[in-house]
>>> print(open('upload01.csv').read())   # CSV, C-alpha atoms
chain,number,residue,atom,x,y,z
A,1,MET,CA,191.0,0.9,122.8
A,2,SER,CA,192.8,4.1,123.6
A,3,THR,CA,195.0,5.7,126.2
A,4,ILE,CA,191.9,6.1,128.4
A,5,LEU,CA,191.8,2.3,128.7
A,6,ILE,CA,195.5,2.0,129.6
A,7,ASP,CA,194.9,4.5,132.4
A,8,ARG,CA,192.0,2.4,133.6
A,9,LEU,CA,194.1,-0.7,133.5
A,10,LEU,CA,197.0,1.0,135.4
A,11,ASP,CA,194.5,2.3,137.9
A,12,THR,CA,193.3,-1.2,138.5
A,13,VAL,CA,196.9,-2.5,138.9
A,14,VAL,CA,197.7,0.3,141.5
A,15,LYS,CA,194.4,-0.2,143.4
A,16,GLN,CA,194.6,-3.9,143.6
A,17,ASN,CA,198.4,-3.8,144.4
A,18,ALA,CA,199.1,-6.2,141.5
A,19,SER,CA,202.7,-6.8,140.7
A,20,ASP,CA,202.3,-7.2,137.0
A,21,LEU,CA,199.9,-6.5,134.1
A,22,HIS,CA,199.9,-8.9,131.1
A,23,LEU,CA,198.5,-7.8,127.7
A,24,SER,CA,198.4,-10.5,125.1
A,25,VAL,CA,196.2,-11.1,122.0
A,26,GLY,CA,193.5,-13.6,122.5
A,27,LYS,CA,193.1,-13.1,126.3
A,28,PRO,CA,191.6,-10.4,128.5
A,29,PRO,CA,194.1,-8.1,130.4
A,30,THR,CA,195.5,-10.3,133.2
A,31,VAL,CA,197.1,-9.1,136.5
A,32,ARG,CA,199.3,-11.0,138.9
A,33,ILE,CA,198.2,-10.5,142.5
A,34,ARG,CA,200.1,-12.2,145.4
A,35,GLY,CA,201.8,-14.5,142.9
A,36,ARG,CA,198.6,-15.7,141.1
A,37,LEU,CA,197.3,-14.6,137.7
A,38,VAL,CA,193.8,-13.2,137.6
A,39,GLU,CA,191.9,-12.2,134.4
A,40,LEU,CA,190.2,-8.8,134.4
A,41,ARG,CA,186.5,-8.8,133.4
A,42,THR,CA,187.0,-6.9,130.1
A,43,LYS,CA,187.0,-7.9,126.5
A,44,THR,CA,189.5,-10.3,124.9
A,45,LEU,CA,192.3,-8.3,123.4
A,46,GLU,CA,192.7,-8.2,119.6
A,47,PRO,CA,195.9,-7.4,117.6
A,48,ASP,CA,194.8,-3.7,117.2
A,49,ASP,CA,194.2,-3.4,120.9
A,50,THR,CA,197.6,-4.5,122.0
A,51,THR,CA,199.3,-2.3,119.3
A,52,ALA,CA,197.3,0.8,120.4
A,53,LEU,CA,198.0,0.1,124.1
A,54,MET,CA,201.7,-0.3,123.3
A,55,LYS,CA,201.9,2.9,121.3
A,56,SER,CA,200.1,4.9,124.0
A,57,ILE,CA,203.0,4.4,126.5
A,58,THR,CA,206.1,3.4,124.5
A,59,PRO,CA,208.8,5.9,123.6
A,60,GLU,CA,209.9,6.0,119.9
A,61,ARG,CA,213.3,4.5,120.7
A,62,ALA,CA,211.6,1.4,122.2
A,63,GLN,CA,209.1,1.2,119.3
A,64,ASN,CA,212.0,1.1,116.8
A,65,GLU,CA,213.8,-1.5,118.8
A,66,LEU,CA,210.6,-3.6,118.8
A,67,GLN,CA,210.5,-3.5,115.0
A,68,GLU,CA,214.2,-4.3,114.6
A,69,GLU,CA,214.9,-6.7,117.5
A,70,GLY,CA,211.4,-8.1,118.2
A,71,GLY,CA,211.4,-6.7,121.8
A,72,ALA,CA,212.3,-3.8,124.0
A,73,ASP,CA,212.3,-2.7,127.7
A,74,PHE,CA,211.8,0.7,129.2
A,75,GLY,CA,210.5,2.3,132.4
A,76,PHE,CA,207.9,5.0,132.8
A,77,ALA,CA,206.1,7.0,135.6
A,78,TYR,CA,202.3,6.8,135.8
A,79,GLY,CA,201.8,10.2,137.3
A,80,ASP,CA,202.7,10.1,141.0
A,81,ALA,CA,200.8,6.8,141.5
A,82,ALA,CA,203.5,4.4,140.5
A,83,ARG,CA,206.4,3.6,138.2
A,84,PHE,CA,206.3,0.7,135.7
A,85,ARG,CA,209.0,-1.4,134.1
A,86,VAL,CA,207.7,-2.5,130.7
A,87,SER,CA,208.7,-5.3,128.4
A,88,ILE,CA,207.2,-5.2,124.9
A,89,PHE,CA,207.7,-8.2,122.5
A,90,LYS,CA,206.4,-9.9,119.4
A,91,VAL,CA,204.3,-13.1,119.6
A,92,LYS,CA,203.2,-14.7,116.3
A,93,GLY,CA,203.6,-11.3,114.7
A,94,ASN,CA,201.4,-9.6,117.2
A,95,VAL,CA,202.5,-7.2,120.0
A,96,ALA,CA,202.4,-8.3,123.7
A,97,LEU,CA,203.3,-6.3,126.8
A,98,VAL,CA,204.1,-7.1,130.4
A,99,LEU,CA,204.2,-4.1,132.9
A,100,ARG,CA,205.8,-4.7,136.3
A,101,GLN,CA,204.7,-2.3,139.0
A,102,ILE,CA,207.6,-0.8,140.9
A,103,PRO,CA,206.6,0.3,144.4
A,104,SER,CA,206.9,4.1,144.8
A,105,LYS,CA,208.1,3.8,148.5
A,106,LEU,CA,211.5,2.3,149.3
A,107,MET,CA,211.3,-0.1,152.2
A,108,GLY,CA,213.8,-0.3,155.0
A,109,LEU,CA,216.1,-3.3,155.4
A,110,GLU,CA,214.2,-4.5,158.4
A,111,GLU,CA,210.9,-4.1,156.7
A,112,ILE,CA,212.0,-6.3,153.9
A,113,GLY,CA,213.2,-8.8,156.4
A,114,LEU,CA,216.9,-8.8,155.3
A,115,PRO,CA,219.3,-10.5,157.7
A,116,ALA,CA,220.7,-8.1,160.3
A,117,MET,CA,224.3,-8.9,159.1
A,118,VAL,CA,223.6,-7.0,155.8
A,119,GLU,CA,224.1,-3.7,157.5
A,120,ASP,CA,227.6,-4.6,158.6
A,121,LEU,CA,228.5,-5.6,155.1
A,122,LEU,CA,227.1,-2.4,153.6
A,123,LYS,CA,229.6,-0.4,155.7
A,124,ARG,CA,232.5,-2.2,154.1
A,125,PRO,CA,234.6,-0.2,151.6
A,126,ARG,CA,235.1,-2.9,149.1
A,127,GLY,CA,233.8,-6.3,147.9
A,128,LEU,CA,231.3,-8.0,145.7
A,129,PHE,CA,227.8,-8.5,147.1
A,130,LEU,CA,225.5,-10.7,144.9
A,131,VAL,CA,221.7,-10.7,145.1
A,132,THR,CA,220.2,-13.7,143.3
A,133,GLY,CA,217.0,-15.4,142.6
A,134,PRO,CA,214.5,-16.1,139.8
A,135,THR,CA,212.7,-13.2,138.0
A,136,GLY,CA,210.1,-11.6,140.3
A,137,SER,CA,211.8,-12.6,143.5
A,138,GLY,CA,212.3,-9.0,144.7
A,139,LYS,CA,216.1,-8.7,143.9
A,140,THR,CA,215.6,-5.1,142.6
A,141,THR,CA,213.7,-4.1,145.7
A,142,SER,CA,216.3,-5.5,148.0
A,143,LEU,CA,219.1,-3.8,146.1
A,144,ALA,CA,217.3,-0.5,146.0
A,145,SER,CA,216.8,-0.6,149.8
A,146,MET,CA,220.5,-1.3,150.3
A,147,ILE,CA,221.5,1.6,148.0
A,148,ASN,CA,219.0,3.8,149.9
A,149,TRP,CA,220.4,2.8,153.3
A,150,ILE,CA,224.0,3.8,152.1
A,151,ASN,CA,222.6,7.0,150.5
A,152,GLU,CA,220.9,8.1,153.8
A,153,GLY,CA,223.8,7.3,156.1
A,154,TYR,CA,227.1,7.7,154.3
A,155,ASP,CA,228.8,10.2,151.9
A,156,ARG,CA,229.6,7.9,149.0
A,157,HIS,CA,229.5,8.3,145.2
A,158,ILE,CA,227.1,5.7,144.0
A,159,ILE,CA,226.9,4.7,140.3
A,160,THR,CA,224.1,2.4,139.2
A,161,VAL,CA,223.8,0.7,135.8
A,162,GLU,CA,220.3,-0.5,135.1
A,163,ASP,CA,218.2,-1.8,132.2
A,164,PRO,CA,215.8,0.0,132.7
A,165,ILE,CA,216.1,2.2,135.8
A,166,GLU,CA,213.3,1.1,138.2
A,167,TYR,CA,213.6,2.9,141.5
A,168,TYR,CA,214.7,6.5,141.3
A,169,HIS,CA,217.2,7.6,144.0
A,170,GLU,CA,217.6,11.2,145.0
A,171,HIS,CA,220.9,12.6,146.2
A,172,LYS,CA,220.8,12.4,150.0
A,173,LYS,CA,224.0,12.1,152.0
A,174,SER,CA,225.5,10.3,149.0
A,175,LEU,CA,225.8,11.4,145.4
A,176,VAL,CA,223.7,8.9,143.2
A,177,ASN,CA,224.2,8.7,139.4
A,178,GLN,CA,221.9,6.3,137.7
A,179,ARG,CA,222.7,5.2,134.2
A,180,GLU,CA,220.3,3.4,131.9
A,181,VAL,CA,221.5,0.9,129.4
A,182,GLY,CA,220.3,1.8,125.9
A,183,THR,CA,219.7,5.5,126.8
A,184,ASP,CA,222.9,6.6,128.7
A,185,VAL,CA,225.3,3.9,127.8
A,186,PRO,CA,225.3,1.0,125.2
A,187,SER,CA,226.0,-2.0,127.6
A,188,PHE,CA,226.6,-3.0,131.2
A,189,ALA,CA,230.2,-3.9,130.5
A,190,GLU,CA,230.9,-0.5,128.8
A,191,ALA,CA,229.3,1.3,131.7
A,192,LEU,CA,231.4,-0.6,134.3
A,193,ARG,CA,234.6,0.1,132.3
A,194,ARG,CA,233.8,3.8,132.4
A,195,ALA,CA,232.5,3.8,135.9
A,196,LEU,CA,236.0,3.1,137.3
A,197,ARG,CA,237.2,6.5,135.9
A,198,GLN,CA,234.3,8.3,137.6
A,199,ASP,CA,235.6,8.1,141.2
A,200,PRO,CA,232.8,5.8,142.5
A,201,ASP,CA,232.7,4.3,146.0
A,202,VAL,CA,229.7,2.0,145.3
A,203,VAL,CA,228.7,0.5,141.9
A,204,LEU,CA,225.5,-1.4,141.2
A,205,VAL,CA,225.3,-3.6,138.2
A,206,GLY,CA,221.7,-4.3,137.4
A,207,GLU,CA,222.4,-7.6,135.7
A,208,MET,CA,225.6,-9.7,135.3
A,209,ARG,CA,224.4,-11.3,132.1
A,210,ASP,CA,227.7,-12.0,130.2
A,211,LEU,CA,231.3,-12.9,130.7
A,212,GLU,CA,232.5,-9.3,130.0
A,213,THR,CA,230.2,-7.8,132.7
A,214,ILE,CA,231.0,-10.5,135.3
A,215,GLU,CA,234.8,-9.9,134.7
A,216,ALA,CA,234.4,-6.1,135.0
A,217,ALA,CA,232.3,-6.5,138.2
A,218,ILE,CA,235.0,-8.7,139.8
A,219,ARG,CA,237.7,-6.3,138.7
A,220,ALA,CA,235.8,-3.3,140.2
A,221,ALA,CA,235.5,-5.2,143.6
A,222,GLU,CA,239.2,-6.1,143.5
A,223,THR,CA,240.3,-2.5,142.9
A,224,GLY,CA,238.6,-1.2,146.1
A,225,HIS,CA,234.9,-0.6,145.3
A,226,LEU,CA,231.8,-1.9,146.9
A,227,VAL,CA,230.0,-3.7,144.0
A,228,PHE,CA,226.4,-5.0,143.9
A,229,GLY,CA,225.3,-7.4,141.2
A,230,THR,CA,222.4,-9.7,140.4
A,231,LEU,CA,222.2,-13.1,138.8
A,232,HIS,CA,219.2,-15.3,138.0
A,233,THR,CA,220.5,-18.2,140.1
A,234,THR,CA,219.2,-19.9,143.2
A,235,GLY,CA,221.3,-20.8,146.1
A,236,ALA,CA,224.7,-19.5,147.1
A,237,GLY,CA,226.7,-22.5,145.9
A,238,GLY,CA,224.9,-22.6,142.6
A,239,THR,CA,225.7,-18.8,142.1
A,240,ILE,CA,229.4,-19.3,142.7
A,241,ASN,CA,229.5,-22.3,140.2
A,242,ARG,CA,227.5,-20.3,137.6
A,243,ILE,CA,230.1,-17.4,137.7
A,244,ILE,CA,233.1,-19.8,137.5
A,245,ASP,CA,231.4,-21.8,134.7
A,246,ALA,CA,230.9,-18.6,132.6
A,247,PHE,CA,234.7,-18.5,132.1
A,248,PRO,CA,236.8,-20.6,129.7
A,249,VAL,CA,238.3,-23.7,131.5
A,250,ASP,CA,241.8,-22.3,131.3
A,251,GLN,CA,240.7,-19.2,133.3
A,252,GLN,CA,238.6,-20.9,135.9
A,253,GLU,CA,241.4,-21.4,138.5
A,254,GLN,CA,242.4,-17.7,138.3
A,255,ILE,CA,238.7,-16.7,138.7
A,256,ARG,CA,238.3,-18.9,141.8
A,257,VAL,CA,241.3,-17.1,143.4
A,258,GLN,CA,239.8,-13.7,142.4
A,259,LEU,CA,236.3,-14.6,143.7
A,260,SER,CA,237.7,-16.0,147.0
A,261,THR,CA,239.3,-12.6,147.7
A,262,SER,CA,236.6,-10.3,146.3
A,263,LEU,CA,233.2,-12.0,147.0
A,264,MET,CA,231.7,-10.7,150.2
A,265,ALA,CA,228.2,-12.2,150.4
A,266,VAL,CA,225.5,-13.9,148.4
A,267,LEU,CA,221.9,-13.3,149.2
A,268,SER,CA,219.6,-15.6,147.3
A,269,GLN,CA,215.9,-15.0,147.6
A,270,ALA,CA,212.4,-16.2,146.8
A,271,LEU,CA,209.1,-14.2,147.1
A,272,MET,CA,205.8,-15.9,147.9
A,273,PRO,CA,202.3,-15.0,149.0
A,274,ARG,CA,201.7,-14.7,152.8
A,275,HIS,CA,199.3,-17.3,154.3
A,276,ASP,CA,198.4,-15.3,157.4
A,277,ILE,CA,197.7,-11.8,156.0
A,278,LYS,CA,197.6,-10.1,152.6
A,279,GLY,CA,200.9,-9.4,151.1
A,280,MET,CA,204.2,-11.1,150.2
A,281,VAL,CA,207.1,-12.4,152.2
A,282,ALA,CA,210.7,-13.2,151.0
A,283,ALA,CA,212.7,-16.3,152.0
A,284,TYR,CA,216.4,-15.9,152.0
A,285,GLU,CA,219.5,-18.0,151.7
A,286,PHE,CA,222.5,-16.0,153.0
A,287,LEU,CA,226.2,-16.7,152.6
A,288,VAL,CA,228.8,-14.5,154.2
A,289,VAL,CA,232.3,-15.3,152.8
A,290,THR,CA,234.5,-16.2,155.8
A,291,PRO,CA,238.2,-17.3,155.4
A,292,ALA,CA,237.0,-20.9,155.5
A,293,ILE,CA,234.5,-20.4,152.7
A,294,ALA,CA,237.1,-18.4,150.7
A,295,ASN,CA,239.3,-21.5,150.9
A,296,MET,CA,236.4,-23.7,149.6
A,297,ILE,CA,236.0,-21.3,146.6
A,298,ARG,CA,239.7,-21.3,145.9
A,299,GLU,CA,240.1,-25.1,146.2
A,300,ASN,CA,236.9,-25.8,144.1
A,301,LYS,CA,235.1,-27.4,147.0
A,302,THR,CA,231.8,-25.4,146.6
A,303,TYR,CA,229.8,-28.6,147.3
A,304,ARG,CA,230.8,-28.0,151.0
A,305,ILE,CA,229.3,-24.5,151.1
A,306,ASN,CA,225.8,-25.6,152.2
A,307,SER,CA,227.2,-27.3,155.4
A,308,ALA,CA,229.4,-24.2,156.0
A,309,ILE,CA,226.2,-22.0,155.8
A,310,GLN,CA,224.6,-24.3,158.4
A,311,THR,CA,227.5,-23.9,160.8
A,312,GLY,CA,227.8,-20.2,160.1
A,313,ARG,CA,224.7,-19.1,161.9
A,314,LYS,CA,226.6,-16.7,164.2
A,315,PHE,CA,227.4,-14.7,161.1
A,316,GLY,CA,223.7,-14.6,160.2
A,317,MET,CA,224.0,-17.3,157.5
A,318,GLN,CA,221.1,-19.5,156.6
A,319,LEU,CA,220.0,-22.0,154.0
A,320,LEU,CA,216.9,-21.2,151.9
A,321,ASP,CA,215.1,-24.4,153.0
A,322,ASP,CA,215.7,-23.6,156.6
A,323,HIS,CA,214.2,-20.2,156.2
A,324,LEU,CA,211.2,-21.7,154.3
A,325,TRP,CA,210.7,-24.1,157.2
A,326,GLN,CA,210.9,-21.2,159.7
A,327,LEU,CA,208.3,-19.2,157.7
A,328,PHE,CA,206.0,-22.2,157.5
A,329,SER,CA,206.4,-22.9,161.2
A,330,GLU,CA,205.4,-19.3,162.0
A,331,GLY,CA,202.3,-19.7,159.8
A,332,LYS,CA,203.4,-17.1,157.3
A,333,ILE,CA,203.5,-19.4,154.2
A,334,SER,CA,201.6,-22.5,153.2
A,335,GLY,CA,203.3,-25.9,153.0
A,336,ASP,CA,202.7,-26.0,149.2
A,337,ASP,CA,204.5,-22.7,148.7
A,338,ALA,CA,207.4,-23.7,150.9
A,339,VAL,CA,207.9,-27.0,149.0
A,340,GLU,CA,207.5,-25.3,145.6
A,341,ARG,CA,210.4,-22.9,146.3
A,342,ALA,CA,212.7,-25.4,148.2
A,343,GLN,CA,216.1,-26.4,146.9
A,344,TYR,CA,215.3,-30.0,148.1
A,345,PRO,CA,211.5,-30.3,148.0
A,346,ALA,CA,211.2,-33.9,149.0
A,347,ASP,CA,213.1,-33.4,152.2
A,348,LEU,CA,211.1,-30.3,153.2
A,349,ARG,CA,207.8,-32.1,152.3
A,350,ILE,CA,208.7,-34.9,154.7
A,351,LYS,CA,209.6,-32.4,157.5
A,352,ILE,CA,206.3,-30.5,157.0
A,353,LYS,CA,204.2,-33.7,157.1
A,354,ARG,CA,206.0,-34.9,160.2
A,355,ALA,CA,205.0,-31.7,161.9
A,356,GLY,CA,201.4,-32.3,161.0
A,357,GLY,CA,201.4,-29.8,158.1
A,358,LYS,CA,199.5,-30.4,154.9
A,359,VAL,CA,201.1,-30.5,151.5
A,360,GLY,CA,199.1,-30.9,148.3
A,361,HIS,CA,200.2,-33.1,145.4
A,362,ASP,CA,200.7,-36.1,147.6
A,363,GLU,CA,201.3,-38.2,144.5
A,364,LEU,CA,204.7,-36.5,144.4
A,365,ASP,CA,205.7,-38.1,147.6
A,366,HIS,CA,207.2,-40.9,145.5
A,367,SER,CA,209.7,-38.4,144.1
A,368,GLY,CA,212.1,-38.8,147.1
A,369,GLY,CA,214.4,-40.8,144.8
A,370,ASN,CA,214.4,-38.0,142.2
A,371,ASP,CA,215.3,-35.5,144.8
A,372,ALA,CA,218.1,-37.6,146.0
A,373,GLU,CA,219.2,-37.9,142.4
A,374,SER,CA,219.1,-34.1,142.1
A,375,LYS,CA,221.2,-33.7,145.2
A,376,THR,CA,223.8,-36.1,143.7
A,377,THR,CA,223.7,-34.3,140.3
A,378,ALA,CA,224.1,-30.9,142.1
A,379,LYS,CA,227.1,-32.3,144.0
A,380,SER,CA,228.7,-33.8,140.9
A,381,ALA,CA,228.0,-30.6,138.9
A,382,SER,CA,229.8,-28.6,141.6
>>> encode(input="upload01.csv", output="structure tokens")
Amino acid sequence: MSTILIDRLLDTVVKQNASDLHLSVGKPPTVRIRGRLVELRTKTLEPDDTTALMKSITPERAQNELQEEGGADFGFAYGDAARFRVSIFKVKGNVALVLRQIPSKLMGLEEIGLPAMVEDLLKRPRGLFLVTGPTGSGKTTSLASMINWINEGYDRHIITVEDPIEYYHEHKKSLVNQREVGTDVPSFAEALRRALRQDPDVVLVGEMRDLETIEAAIRAAETGHLVFGTLHTTGAGGTINRIIDAFPVDQQEQIRVQLSTSLMAVLSQALMPRHDIKGMVAAYEFLVVTPAIANMIRENKTYRINSAIQTGRKFGMQLLDDHLWQLFSEGKISGDDAVERAQYPADLRIKIKRAGGKVGHDELDHSGGNDAESKTTAKSAS
């Protein structure tokens, strides 16, 4: 296998609009299309194949990191056709790769289906805006669209810290400086510390993955900057708890106070295949921090946030399960996909069935008790 084949594989990914390409020993090249894995009709990959494919696209820095650390991430452009974020890693001594396709065109906020209230929040001069969800839920795309919206409409200095850089932003009305962890700066926390001396208005932290970075992001929001960050959490309440729990117990009260004043919004999202037409659709949970919600954060009453979201519709707030129900009612997603992504699957399954909808895995209907249990656990955890 040579670079010719990697070109053919990448052509296939672009033509079929696949989100990911998986290259692992013992299996043919596999693509993810509309959330489902599909094997390509080519030969089963052998150790020499994956090594050659890796070497054909991987910069030397990442190849060295693979040898030393057992894995590396980088981004590269495939001509003008697409950009890819690549993760290379060792499996049983062999090389494996996953290439995520990054759409070349930035979508508008409406096109993505973001709540209308997001525009008002993007105009604010300071605060922490968190975008959360599992891997592959479209967080990067949502954030890139928000940065682009600011870039086109406002004169701001925007600094992004990413690992790796996925969407490239040109300077438009704003000045956009994108820094890549590992190439331009050693870590997220270090980049954030330095960013505050670089006269930024807007700071994007690609991943708030450790205590130091979370602390630096909150500090940046407190000192008068608009800060965007991502976490791999689901749900607004769970995100707030995850941040607070990252700190030692003796600091948690102080962090609650800091979060209550600096946190502006939490957008939690899930991406799923559309049922009516080709393509994907995102479901959102959206929390806007009002004075009442700030009090809940300060007083450690995050278990009340879900009901506050339900009563906060006039601010554009919504629960993930309510949006999943709406998308199902509009015929955009299947009942199975709605239940699979729900925070409380048993409740949503009952609701869909009452409406005459079909949900597979009927044997799971007996899991109502488990779901009630998970609710109780979630409450006691918060």
>>> residues_around(input="upload01.csv", residues="Thr223 (chain A)", least_positions_apart="2", cutoff="10 Å", atoms="only C-alpha atoms", output="ChimeraX atom specification")
/A:126-127,196,218-221,225-226,262
>>> residues_around(input="upload01.csv", residues="Val289 (chain A)", least_positions_apart="6", cutoff="10 Å", atoms="all atoms listed in the file", output="ChimeraX atom specification")
/A:129,259-266,295-297,305,308-309,312,315,317
>>> closest_residue(input="upload01.csv", among="A:Gln178, A:Thr44, A:Thr239, A:Ser145", to="Thr302 (chain A)", atoms="only C-alpha atoms")
A:Thr239
>>> closest_residue(input="upload01.csv", among="A:Glu170, A:Asp120, A:Asp7, A:Asp321", to="Gly335 (chain A)", atoms="all atoms listed in the file")
A:Asp321
>>> closest_atom_pairs(input="upload01.csv", of="region 179-291 of chain A", to="region 146-163 of chain A", cutoff="8 Å", atoms="only C-alpha atoms", output="CSV")
residue,atom,partner,partner_atom,distance
A:Arg179,CA,A:Val161,CA,4.9
A:Glu180,CA,A:Glu162,CA,5.0
A:Val181,CA,A:Asp163,CA,5.1
A:Gly182,CA,A:Asp163,CA,7.6
A:Phe188,CA,A:Val161,CA,6.5
A:Ala191,CA,A:Val161,CA,6.9
A:Leu192,CA,A:Val161,CA,7.9
A:Ala195,CA,A:Ile159,CA,7.2
A:Asp199,CA,A:His157,CA,7.3
A:Pro200,CA,A:His157,CA,4.9
A:Asp201,CA,A:His157,CA,5.2
A:Val202,CA,A:Ile158,CA,4.7
A:Val203,CA,A:Ile159,CA,4.8
A:Leu204,CA,A:Thr160,CA,4.5
A:Val205,CA,A:Val161,CA,5.1
A:Gly206,CA,A:Glu162,CA,4.7
A:Glu207,CA,A:Glu162,CA,7.4
>>> residues_around(input="upload01.csv", residues="Gln254 (chain A)", least_positions_apart="2", cutoff="12 Å", atoms="only C-alpha atoms", output="PDB file with C-alpha atoms, keeping the file's coordinate frame")
ATOM      1  CA  GLU A 215     234.800  -9.900 134.700  1.00  0.00           C
ATOM      2  CA  ILE A 218     235.000  -8.700 139.800  1.00  0.00           C
ATOM      3  CA  ILE A 244     233.100 -19.800 137.500  1.00  0.00           C
ATOM      4  CA  PHE A 247     234.700 -18.500 132.100  1.00  0.00           C
ATOM      5  CA  PRO A 248     236.800 -20.600 129.700  1.00  0.00           C
ATOM      6  CA  VAL A 249     238.300 -23.700 131.500  1.00  0.00           C
ATOM      7  CA  ASP A 250     241.800 -22.300 131.300  1.00  0.00           C
ATOM      8  CA  GLN A 251     240.700 -19.200 133.300  1.00  0.00           C
ATOM      9  CA  GLN A 252     238.600 -20.900 135.900  1.00  0.00           C
ATOM     10  CA  ARG A 256     238.300 -18.900 141.800  1.00  0.00           C
ATOM     11  CA  VAL A 257     241.300 -17.100 143.400  1.00  0.00           C
ATOM     12  CA  GLN A 258     239.800 -13.700 142.400  1.00  0.00           C
ATOM     13  CA  LEU A 259     236.300 -14.600 143.700  1.00  0.00           C
ATOM     14  CA  SER A 260     237.700 -16.000 147.000  1.00  0.00           C
ATOM     15  CA  THR A 261     239.300 -12.600 147.700  1.00  0.00           C
ATOM     16  CA  ILE A 297     236.000 -21.300 146.600  1.00  0.00           C
ATOM     17  CA  ARG A 298     239.700 -21.300 145.900  1.00  0.00           C
ATOM     18  CA  GLU A 299     240.100 -25.100 146.200  1.00  0.00           C
ATOM     19  CA  ASN A 300     236.900 -25.800 144.100  1.00  0.00           C
TER      20      ASN A 300
END
>>> closest_residue(input="upload01.csv", among="A:Lys358, A:Lys105, A:Lys314, A:Lys351", to="Gln326 (chain A)", atoms="all atoms listed in the file")
A:Lys351
>>> residues_around(input="upload01.csv", residues="Val14 (chain A)", least_positions_apart="2", cutoff="12 Å", atoms="only C-alpha atoms", output="ChimeraX atom specification")
/A:7-12,16-21,31-33,78-84,99-104
>>> atom_distance(input="upload01.csv", atom1="CA of Glu330 (chain A)", atom2="CA of Asp276 (chain A)")
9.3 Å
>>> atom_distance(input="upload01.csv", atom1="CA of Leu130 (chain A)", atom2="CA of Met208 (chain A)")
9.7 Å
>>> atom_distance(input="upload01.csv", atom1="CA of Leu320 (chain A)", atom2="CA of Tyr284 (chain A)")
5.3 Å
>>> closest_residue(input="upload01.csv", among="A:Met272, A:Leu287, A:Leu40, A:Ala355", to="Met117 (chain A)", atoms="all atoms listed in the file")
A:Leu287
>>> closest_residue(input="upload01.csv", among="A:Gly133, A:Ala189, A:His323, A:Thr230", to="Ala216 (chain A)", atoms="all atoms listed in the file")
A:Ala189
>>> closest_residue(input="upload01.csv", among="A:Leu143, A:Ala338, A:Ile333, A:Leu211", to="Leu122 (chain A)", atoms="all atoms listed in the file")
A:Leu143
>>> residues_around(input="upload01.csv", residues="Leu53 (chain A)", least_positions_apart="2", cutoff="9 Å", atoms="only C-alpha atoms", output="number ranges by chain")
A: 1-3, 5-6, 23, 48-51, 55-58, 97
>>> decode(input="upload01.csv", residues="region 11-22 of chain A", atoms="N, CA and C atoms", output="mmCIF file, in the first residue's frame")
data_model
loop_
_atom_site.group_PDB
_atom_site.id
_atom_site.type_symbol
_atom_site.label_atom_id
_atom_site.label_comp_id
_atom_site.auth_asym_id
_atom_site.auth_seq_id
_atom_site.Cartn_x
_atom_site.Cartn_y
_atom_site.Cartn_z
ATOM 1 N N ASP A 11 -10.358 10.220 -0.942
ATOM 2 C CA ASP A 11 -11.357 10.558 -1.970
ATOM 3 C C ASP A 11 -12.710 9.944 -1.619
ATOM 4 N N THR A 12 -12.676 8.680 -1.202
ATOM 5 C CA THR A 12 -13.912 7.979 -0.831
ATOM 6 C C THR A 12 -14.592 8.683 0.347
ATOM 7 N N VAL A 13 -13.797 9.054 1.346
ATOM 8 C CA VAL A 13 -14.340 9.741 2.527
ATOM 9 C C VAL A 13 -15.040 11.034 2.109
ATOM 10 N N VAL A 14 -14.373 11.803 1.252
ATOM 11 C CA VAL A 14 -14.929 13.093 0.817
ATOM 12 C C VAL A 14 -16.192 12.879 -0.021
ATOM 13 N N LYS A 15 -16.121 11.940 -1.000
ATOM 14 C CA LYS A 15 -17.264 11.712 -1.899
ATOM 15 C C LYS A 15 -18.484 11.189 -1.153
ATOM 16 N N GLN A 16 -18.241 10.304 -0.189
ATOM 17 C CA GLN A 16 -19.371 9.708 0.532
ATOM 18 C C GLN A 16 -19.784 10.526 1.744
ATOM 19 N N ASN A 17 -19.089 11.649 1.935
ATOM 20 C CA ASN A 17 -19.371 12.535 3.068
ATOM 21 C C ASN A 17 -19.324 11.778 4.393
ATOM 22 N N ALA A 18 -18.304 10.932 4.531
ATOM 23 C CA ALA A 18 -18.116 10.188 5.783
ATOM 24 C C ALA A 18 -17.500 11.114 6.824
ATOM 25 N N SER A 19 -17.818 10.869 8.078
ATOM 26 C CA SER A 19 -17.249 11.730 9.123
ATOM 27 C C SER A 19 -15.867 11.230 9.549
ATOM 28 N N ASP A 20 -15.644 9.900 9.478
ATOM 29 C CA ASP A 20 -14.387 9.334 9.958
ATOM 30 C C ASP A 20 -13.920 8.187 9.066
ATOM 31 N N LEU A 21 -12.600 7.971 9.078
ATOM 32 C CA LEU A 21 -11.988 6.819 8.407
ATOM 33 C C LEU A 21 -11.154 6.082 9.450
ATOM 34 N N HIS A 22 -11.434 4.767 9.627
ATOM 35 C CA HIS A 22 -10.700 3.943 10.597
ATOM 36 C C HIS A 22 -9.778 2.986 9.858
#
